[in-house]
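Scroll down for the structure; my scribbles are underneath it.
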Amino acid sequence: MAAIGKRANVETPSLIAAHQGNAISPPDREQVYRSVCKVLFNSGHGLTPREAEVCASIVLGRRVAGTSRKLNISAHTVATHRKRAYSKLGISSQNELFARYFDSLQALHLS
């Protein structure tokens with residue numbers, strides 16, 4: 001269990017497959033990022049590609065400054081995309097984003 005104040009280890013689709021006994025090679029960070037973006041973009045909540053990218057960065061543990069550098073946008077723009085994405089997803093916290101991501105992942109897996 002993660003200590004208070006530390007980020008929890010977030011499992012990605014590839015890591016989930018590994019836990020299910022599927023033999024896979026370790027994914028590179030960019031591949032995992034793109035997979036998370038795809039799940040969020042296709043979740044049916046009307047996220048724009050950029051909103052999905054910002055949410056994927058959050059799910060993967062990046063802070064605002066890191067997301068800003070990766071996407072080459074200002075920290076203010078990151079916050080705006082996050083706010084709009086949270087509104088579309090009907091959530092208000094990072095924990096709810098994690099739950100929504102895993103719900104979307106499970107829905108895609110079952111279909």
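Following the order of the structure tokens, first chain is A, next is B, and so on, with residues numbered from 1 inside each chain and ligands from 1 in the order they appear.
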So that I can see what lies close to Leu97 (chain A), please list as a VMD selection string the residues with an atom at most 12 Å from it, counting only C-alpha atoms and leaving out residues fewer than 2 positions away in the same chain.
chain A and resid 10 36 40 43 52 54 to 61 82 to 83 85 to 95 99 to 104
Which is closest to Lys38 (chain A) among A:Arg84, A:Arg50, A:Ile73, A:Ala79, if we use only C-alpha atoms?
A:Arg50
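Separating CA of Pro27 (chain A) from CA of His81 (chain A) is a distance of 26.7 Å.
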